[in-house]
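K.L.:
Contents are mmCIF, N, CA and C atoms; file name my_file-v7.cif:
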data_data
loop_
_atom_site.label_atom_id
_atom_site.label_comp_id
_atom_site.auth_asym_id
_atom_site.auth_seq_id
_atom_site.Cartn_x
_atom_site.Cartn_y
_atom_site.Cartn_z
N MET A 21 0.85 -1.18 0.00
CA MET A 21 0.00 0.00 0.00
C MET A 21 0.90 1.24 0.00
N GLN A 22 0.57 2.19 -0.85
CA GLN A 22 1.30 3.45 -0.88
C GLN A 22 0.42 4.54 -0.30
N VAL A 23 0.98 5.32 0.60
CA VAL A 23 0.27 6.42 1.22
C VAL A 23 1.16 7.65 1.19
N LYS A 24 0.63 8.75 0.70
CA LYS A 24 1.37 10.01 0.70
C LYS A 24 1.16 10.66 2.06
N VAL A 25 2.25 11.13 2.66
CA VAL A 25 2.16 11.75 3.98
C VAL A 25 2.61 13.20 3.91
N TYR A 26 2.10 13.97 4.84
CA TYR A 26 2.48 15.37 4.98
C TYR A 26 3.45 15.46 6.15
N ILE A 27 4.63 15.99 5.90
CA ILE A 27 5.63 16.16 6.95
C ILE A 27 5.93 17.65 7.06
N PRO A 28 5.53 18.26 8.16
CA PRO A 28 5.76 19.70 8.31
C PRO A 28 7.25 20.03 8.27
N LYS A 29 7.58 21.03 7.50
CA LYS A 29 8.97 21.47 7.37
C LYS A 29 8.94 22.97 7.12
N MET A 30 9.73 23.69 7.86
CA MET A 30 9.82 25.13 7.66
C MET A 30 10.87 25.42 6.58
N ILE A 31 10.52 26.32 5.68
CA ILE A 31 11.45 26.76 4.65
C ILE A 31 11.45 28.27 4.64
N GLU A 32 12.44 28.85 4.02
CA GLU A 32 12.47 30.30 3.88
C GLU A 32 12.81 30.65 2.45
N ILE A 33 12.01 31.56 1.91
CA ILE A 33 12.27 32.08 0.57
C ILE A 33 12.55 33.57 0.76
N PRO A 34 13.71 34.04 0.33
CA PRO A 34 14.01 35.47 0.50
C PRO A 34 12.95 36.35 -0.16
N SER A 35 12.55 37.38 0.53
CA SER A 35 11.49 38.29 0.06
C SER A 35 11.76 38.85 -1.32
N GLU A 36 13.04 39.09 -1.64
CA GLU A 36 13.34 39.68 -2.94
C GLU A 36 13.03 38.73 -4.10
N TYR A 37 12.85 37.43 -3.82
CA TYR A 37 12.50 36.47 -4.87
C TYR A 37 11.00 36.38 -5.10
N LEU A 38 10.19 36.84 -4.18
CA LEU A 38 8.74 36.65 -4.26
C LEU A 38 8.10 37.26 -5.51
N PRO A 39 8.44 38.50 -5.91
CA PRO A 39 7.82 39.03 -7.14
C PRO A 39 8.09 38.16 -8.37
N ALA A 40 9.32 37.71 -8.53
CA ALA A 40 9.66 36.88 -9.70
C ALA A 40 8.95 35.54 -9.63
N LEU A 41 8.85 34.95 -8.45
CA LEU A 41 8.15 33.67 -8.30
C LEU A 41 6.66 33.84 -8.60
N ALA A 42 6.07 34.92 -8.09
CA ALA A 42 4.65 35.19 -8.35
C ALA A 42 4.41 35.41 -9.85
N LYS A 43 5.33 36.10 -10.51
CA LYS A 43 5.19 36.34 -11.96
C LYS A 43 5.22 35.04 -12.74
N ARG A 44 6.18 34.17 -12.44
CA ARG A 44 6.27 32.91 -13.18
C ARG A 44 5.09 32.00 -12.86
N ALA A 45 4.62 32.01 -11.61
CA ALA A 45 3.45 31.21 -11.26
C ALA A 45 2.21 31.73 -12.00
N ALA A 46 2.06 33.05 -12.07
CA ALA A 46 0.93 33.65 -12.79
C ALA A 46 1.03 33.35 -14.28
N ASP A 47 2.24 33.46 -14.84
CA ASP A 47 2.44 33.17 -16.26
C ASP A 47 2.08 31.72 -16.58
N SER A 48 2.39 30.81 -15.66
CA SER A 48 2.10 29.40 -15.92
C SER A 48 0.60 29.12 -15.95
N LEU A 49 -0.18 29.97 -15.29
CA LEU A 49 -1.63 29.80 -15.30
C LEU A 49 -2.30 30.55 -16.44
N GLY A 50 -1.57 31.43 -17.11
CA GLY A 50 -2.14 32.17 -18.23
C GLY A 50 -3.32 33.03 -17.80
N ASP A 51 -4.41 32.96 -18.57
CA ASP A 51 -5.60 33.78 -18.29
C ASP A 51 -6.23 33.45 -16.94
N ARG A 52 -6.02 32.25 -16.45
CA ARG A 52 -6.62 31.85 -15.17
C ARG A 52 -6.01 32.59 -13.98
N ALA A 53 -4.86 33.24 -14.16
CA ALA A 53 -4.19 33.94 -13.07
C ALA A 53 -5.05 35.09 -12.52
N ASP A 54 -6.00 35.59 -13.31
CA ASP A 54 -6.90 36.64 -12.84
C ASP A 54 -8.02 36.09 -11.98
N GLU A 55 -8.19 34.77 -11.98
CA GLU A 55 -9.30 34.15 -11.25
C GLU A 55 -8.83 33.31 -10.06
N VAL A 56 -7.64 32.72 -10.17
CA VAL A 56 -7.14 31.79 -9.16
C VAL A 56 -6.60 32.55 -7.96
N SER A 57 -7.05 32.16 -6.76
CA SER A 57 -6.53 32.78 -5.55
C SER A 57 -5.09 32.36 -5.33
N ALA A 58 -4.25 33.32 -5.02
CA ALA A 58 -2.84 33.04 -4.76
C ALA A 58 -2.70 32.29 -3.43
N THR A 59 -1.78 31.33 -3.39
CA THR A 59 -1.50 30.59 -2.15
C THR A 59 0.01 30.52 -1.95
N ARG A 60 0.39 30.17 -0.74
CA ARG A 60 1.81 29.93 -0.47
C ARG A 60 2.32 28.80 -1.37
N GLY A 61 1.44 27.83 -1.64
CA GLY A 61 1.82 26.70 -2.49
C GLY A 61 2.27 27.12 -3.87
N HIS A 62 1.60 28.13 -4.47
CA HIS A 62 2.02 28.61 -5.78
C HIS A 62 3.47 29.09 -5.73
N LEU A 63 3.80 29.85 -4.70
CA LEU A 63 5.14 30.41 -4.58
C LEU A 63 6.18 29.33 -4.27
N VAL A 64 5.84 28.41 -3.38
CA VAL A 64 6.78 27.36 -3.00
C VAL A 64 7.01 26.40 -4.15
N ARG A 65 5.94 25.97 -4.83
CA ARG A 65 6.12 25.06 -5.98
C ARG A 65 6.96 25.73 -7.07
N GLN A 66 6.75 27.03 -7.29
CA GLN A 66 7.55 27.73 -8.29
C GLN A 66 9.01 27.79 -7.85
N ALA A 67 9.24 28.02 -6.57
CA ALA A 67 10.62 28.05 -6.05
C ALA A 67 11.30 26.70 -6.25
N VAL A 68 10.56 25.62 -6.05
CA VAL A 68 11.11 24.27 -6.27
C VAL A 68 11.43 24.09 -7.75
N GLN A 69 10.49 24.48 -8.63
CA GLN A 69 10.73 24.37 -10.07
C GLN A 69 11.94 25.18 -10.51
N ASP A 70 12.13 26.33 -9.89
CA ASP A 70 13.24 27.22 -10.24
C ASP A 70 14.57 26.78 -9.63
N GLY A 71 14.55 25.75 -8.78
CA GLY A 71 15.78 25.25 -8.17
C GLY A 71 16.23 26.02 -6.95
N LEU A 72 15.35 26.82 -6.36
CA LEU A 72 15.72 27.59 -5.16
C LEU A 72 15.68 26.75 -3.90
N LEU A 73 14.97 25.64 -3.94
CA LEU A 73 14.83 24.76 -2.77
C LEU A 73 15.30 23.36 -3.16
N ARG A 74 16.60 23.21 -3.27
CA ARG A 74 17.20 21.96 -3.77
C ARG A 74 16.79 20.73 -2.96
N GLN A 75 16.47 20.91 -1.69
CA GLN A 75 16.11 19.76 -0.86
C GLN A 75 14.80 19.11 -1.34
N PHE A 76 14.05 19.81 -2.22
CA PHE A 76 12.79 19.27 -2.74
C PHE A 76 12.88 18.86 -4.21
N ASP A 77 14.06 18.77 -4.75
CA ASP A 77 14.22 18.40 -6.16
C ASP A 77 13.54 17.08 -6.51
N ASP A 78 13.51 16.16 -5.56
CA ASP A 78 12.89 14.85 -5.83
C ASP A 78 11.37 14.94 -5.97
N LEU A 79 10.78 16.08 -5.65
CA LEU A 79 9.32 16.26 -5.79
C LEU A 79 8.91 16.77 -7.17
N VAL A 80 9.90 17.07 -8.02
CA VAL A 80 9.62 17.52 -9.38
C VAL A 80 9.48 16.29 -10.27
N SER A 81 8.32 16.15 -10.91
CA SER A 81 8.07 14.99 -11.77
C SER A 81 8.70 15.20 -13.14
N ASP A 82 8.64 14.16 -13.96
CA ASP A 82 9.22 14.22 -15.30
C ASP A 82 8.59 15.32 -16.16
N ASP A 83 7.29 15.61 -15.91
CA ASP A 83 6.62 16.65 -16.71
C ASP A 83 6.82 18.05 -16.14
N GLY A 84 7.62 18.18 -15.06
CA GLY A 84 7.95 19.48 -14.50
C GLY A 84 7.03 19.96 -13.39
N THR A 85 5.94 19.22 -13.12
CA THR A 85 5.06 19.60 -12.03
C THR A 85 5.69 19.24 -10.69
N VAL A 86 5.26 19.92 -9.64
CA VAL A 86 5.82 19.70 -8.31
C VAL A 86 4.72 19.15 -7.41
N ASP A 87 4.99 17.99 -6.81
CA ASP A 87 4.03 17.32 -5.93
C ASP A 87 4.30 17.77 -4.50
N LEU A 88 3.72 18.94 -4.14
CA LEU A 88 3.98 19.54 -2.85
C LEU A 88 2.75 20.36 -2.45
N VAL A 89 2.35 20.23 -1.19
CA VAL A 89 1.21 20.99 -0.66
C VAL A 89 1.69 21.72 0.58
N CYS A 90 1.31 22.99 0.70
CA CYS A 90 1.76 23.78 1.84
C CYS A 90 0.81 23.75 3.03
N ASP A 91 -0.45 23.49 2.81
CA ASP A 91 -1.42 23.47 3.88
C ASP A 91 -2.21 22.16 3.78
N PRO A 92 -2.12 21.31 4.81
CA PRO A 92 -2.85 20.03 4.73
C PRO A 92 -4.34 20.26 4.54
N GLY A 93 -4.95 19.44 3.73
CA GLY A 93 -6.39 19.54 3.50
C GLY A 93 -6.76 20.47 2.38
N MET A 94 -6.15 21.63 2.36
CA MET A 94 -6.40 22.61 1.30
C MET A 94 -5.35 23.71 1.41
N GLU A 95 -5.16 24.42 0.34
CA GLU A 95 -4.22 25.53 0.39
C GLU A 95 -5.00 26.81 0.67
N ILE A 96 -4.58 27.51 1.68
CA ILE A 96 -5.28 28.70 2.13
C ILE A 96 -4.86 29.89 1.26
N PRO A 97 -5.84 30.60 0.68
CA PRO A 97 -5.50 31.77 -0.16
C PRO A 97 -4.79 32.85 0.65
N LEU A 98 -3.88 33.55 -0.02
CA LEU A 98 -3.17 34.66 0.60
C LEU A 98 -4.07 35.89 0.63
N GLU A 99 -3.93 36.68 1.67
CA GLU A 99 -4.73 37.88 1.82
C GLU A 99 -3.84 39.09 2.05
N LEU A 100 -4.36 40.23 1.66
CA LEU A 100 -3.72 41.52 1.94
C LEU A 100 -4.83 42.42 2.44
N GLU A 101 -4.65 42.91 3.65
CA GLU A 101 -5.66 43.76 4.27
C GLU A 101 -7.03 43.09 4.24
N ASN A 102 -7.08 41.80 4.61
CA ASN A 102 -8.29 41.00 4.72
C ASN A 102 -9.02 40.77 3.40
N LYS A 103 -8.34 40.88 2.29
CA LYS A 103 -8.91 40.61 0.97
C LYS A 103 -8.11 39.51 0.31
N THR A 104 -8.79 38.48 -0.22
CA THR A 104 -8.12 37.41 -0.93
C THR A 104 -7.58 37.94 -2.25
N LEU A 105 -6.34 37.59 -2.57
CA LEU A 105 -5.70 38.06 -3.79
C LEU A 105 -5.65 36.97 -4.84
N THR A 106 -5.83 37.37 -6.11
CA THR A 106 -5.54 36.45 -7.21
C THR A 106 -4.02 36.49 -7.41
N LEU A 107 -3.50 35.58 -8.22
CA LEU A 107 -2.06 35.59 -8.48
C LEU A 107 -1.61 36.91 -9.10
N ASN A 108 -2.40 37.44 -10.04
CA ASN A 108 -2.01 38.71 -10.66
C ASN A 108 -2.04 39.86 -9.67
N GLU A 109 -3.02 39.88 -8.77
CA GLU A 109 -3.07 40.93 -7.74
C GLU A 109 -1.89 40.81 -6.79
N LEU A 110 -1.53 39.58 -6.43
CA LEU A 110 -0.37 39.37 -5.57
C LEU A 110 0.88 39.89 -6.26
N LEU A 111 1.02 39.58 -7.52
CA LEU A 111 2.18 40.04 -8.29
C LEU A 111 2.26 41.56 -8.27
N GLU A 112 1.13 42.21 -8.52
CA GLU A 112 1.11 43.68 -8.50
C GLU A 112 1.52 44.22 -7.15
N ALA A 113 0.96 43.64 -6.09
CA ALA A 113 1.26 44.12 -4.74
C ALA A 113 2.73 43.92 -4.40
N LEU A 114 3.30 42.78 -4.81
CA LEU A 114 4.70 42.52 -4.52
C LEU A 114 5.64 43.41 -5.33
N GLN A 115 5.30 43.62 -6.58
CA GLN A 115 6.17 44.43 -7.43
C GLN A 115 6.23 45.87 -6.99
N TYR A 116 5.12 46.39 -6.59
CA TYR A 116 5.06 47.81 -6.28
C TYR A 116 4.89 48.10 -4.81
N LYS A 117 4.81 47.02 -3.99
CA LYS A 117 4.66 47.16 -2.53
C LYS A 117 3.56 48.16 -2.19
N ARG A 118 2.41 47.95 -2.84
CA ARG A 118 1.28 48.85 -2.62
C ARG A 118 0.26 48.19 -1.70
N SER A 119 -0.59 48.98 -1.14
CA SER A 119 -1.65 48.45 -0.29
C SER A 119 -2.77 47.91 -1.17
N TRP A 120 -3.69 47.18 -0.57
CA TRP A 120 -4.81 46.58 -1.30
C TRP A 120 -5.63 47.65 -2.01
N SER A 121 -5.92 48.76 -1.35
CA SER A 121 -6.73 49.81 -1.97
C SER A 121 -6.03 50.41 -3.18
N GLU A 122 -4.72 50.51 -3.13
CA GLU A 122 -3.97 51.03 -4.28
C GLU A 122 -3.94 50.03 -5.43
N VAL A 123 -3.93 48.74 -5.11
CA VAL A 123 -3.94 47.70 -6.14
C VAL A 123 -5.31 47.64 -6.80
N LYS A 124 -6.38 47.73 -6.02
CA LYS A 124 -7.75 47.59 -6.54
C LYS A 124 -8.21 48.84 -7.29
N ALA A 125 -7.75 50.00 -6.90
CA ALA A 125 -8.26 51.26 -7.49
C ALA A 125 -8.11 51.30 -9.02
N PRO A 126 -6.96 50.98 -9.62
CA PRO A 126 -6.85 51.05 -11.08
C PRO A 126 -7.77 50.04 -11.77
N SER A 127 -7.96 48.86 -11.20
CA SER A 127 -8.83 47.84 -11.80
C SER A 127 -10.27 48.30 -11.81
N GLU A 128 -10.70 48.93 -10.73
CA GLU A 128 -12.10 49.36 -10.62
C GLU A 128 -12.39 50.53 -11.55
N ALA A 129 -11.38 51.31 -11.86
CA ALA A 129 -11.59 52.46 -12.73
C ALA A 129 -11.79 52.05 -14.17
N ALA A 130 -11.31 50.87 -14.54
CA ALA A 130 -11.39 50.40 -15.93
C ALA A 130 -12.78 49.99 -16.34
#
Represent the structure from my file as structure tokens, please.
P.N.:
Amino acid sequence: MQVKVYIPKMIEIPSEYLPALAKRAADSLGDRADEVSATRGHLVRQAVQDGLLRQFDDLVSDDGTVDLVCDPGMEIPLELENKTLTLNELLEALQYKRSWSEVKAPSEAA
């Protein structure tokens, strides 16, 4: 019998890498990046794919996907000022270090 287990492990990704990781994660989702809620898993899986977390190289499959979950049961969406962010909104906030109201204002004006 094969059973996949969750083993808690703390990792650290330098903050300066987060915008680039969010961009590549959003790019990989294409048009869906405007709809999909951003999670820590998106950033961590992208970091593994990019080779930033070598200890997880064995979790990268032959097709390039990463078999890794950050929150048991489900991945919890990331929030900024109590608002759930899509991957594109997270990318905007990280790139420009703006508050949620500053990120949402240009979108609402369109």
K.L.:
Near segment 55-72 of chain A, within 12 Å and counting only C-alpha atoms, which residues show up once chain neighbours fewer than 5 positions away are dropped, as a PyMOL selection string?
P.N.:
chain A and resi 30-35+37-50+77-92+94-100+103-113
K.L.:
Find the residue from A:Asp54, A:Glu36, A:Arg74, A:Glu101 that sits nearest to Leu114 of chain A; use only C-alpha atoms when measuring.
P.N.:
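Checking each candidate against Leu114 of chain A, we get A:Glu36 as the closest.
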K.L.:
Taking the DSSP secondary structure from the backbone, can you list the residues of segment 25-128 of chain A that are helix (DSSP H, G or I), as a ChimeraX atom specification?
P.N.:
/A:35-54,60-69,74-79,107-116,120-128
K.L.:
Using atom N of Leu73 of chain A and atom CA of Lys24 of chain A as the two end points, give the distance in Å to one decimal.
P.N.:
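That distance, rounded to one decimal, is 21.2 Å.
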K.L.:
What gap, in Å, lies between atom CA of Asp51 of chain A and atom C of Asn102 of chain A?
P.N.:
23.0 Å
K.L.:
So what do you get for atom N of Gln75 of chain A versus atom C of Gln22 of chain A, distance-wise?
P.N.:
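Rounded to one decimal, the two atoms are 23.0 Å apart.
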K.L.:
Enumerate, as a ChimeraX atom specification, the complete set of residues in chain A that a backbone-based DSSP assignment places in strand (DSSP E).
P.N.:
/A:99-100,103-104
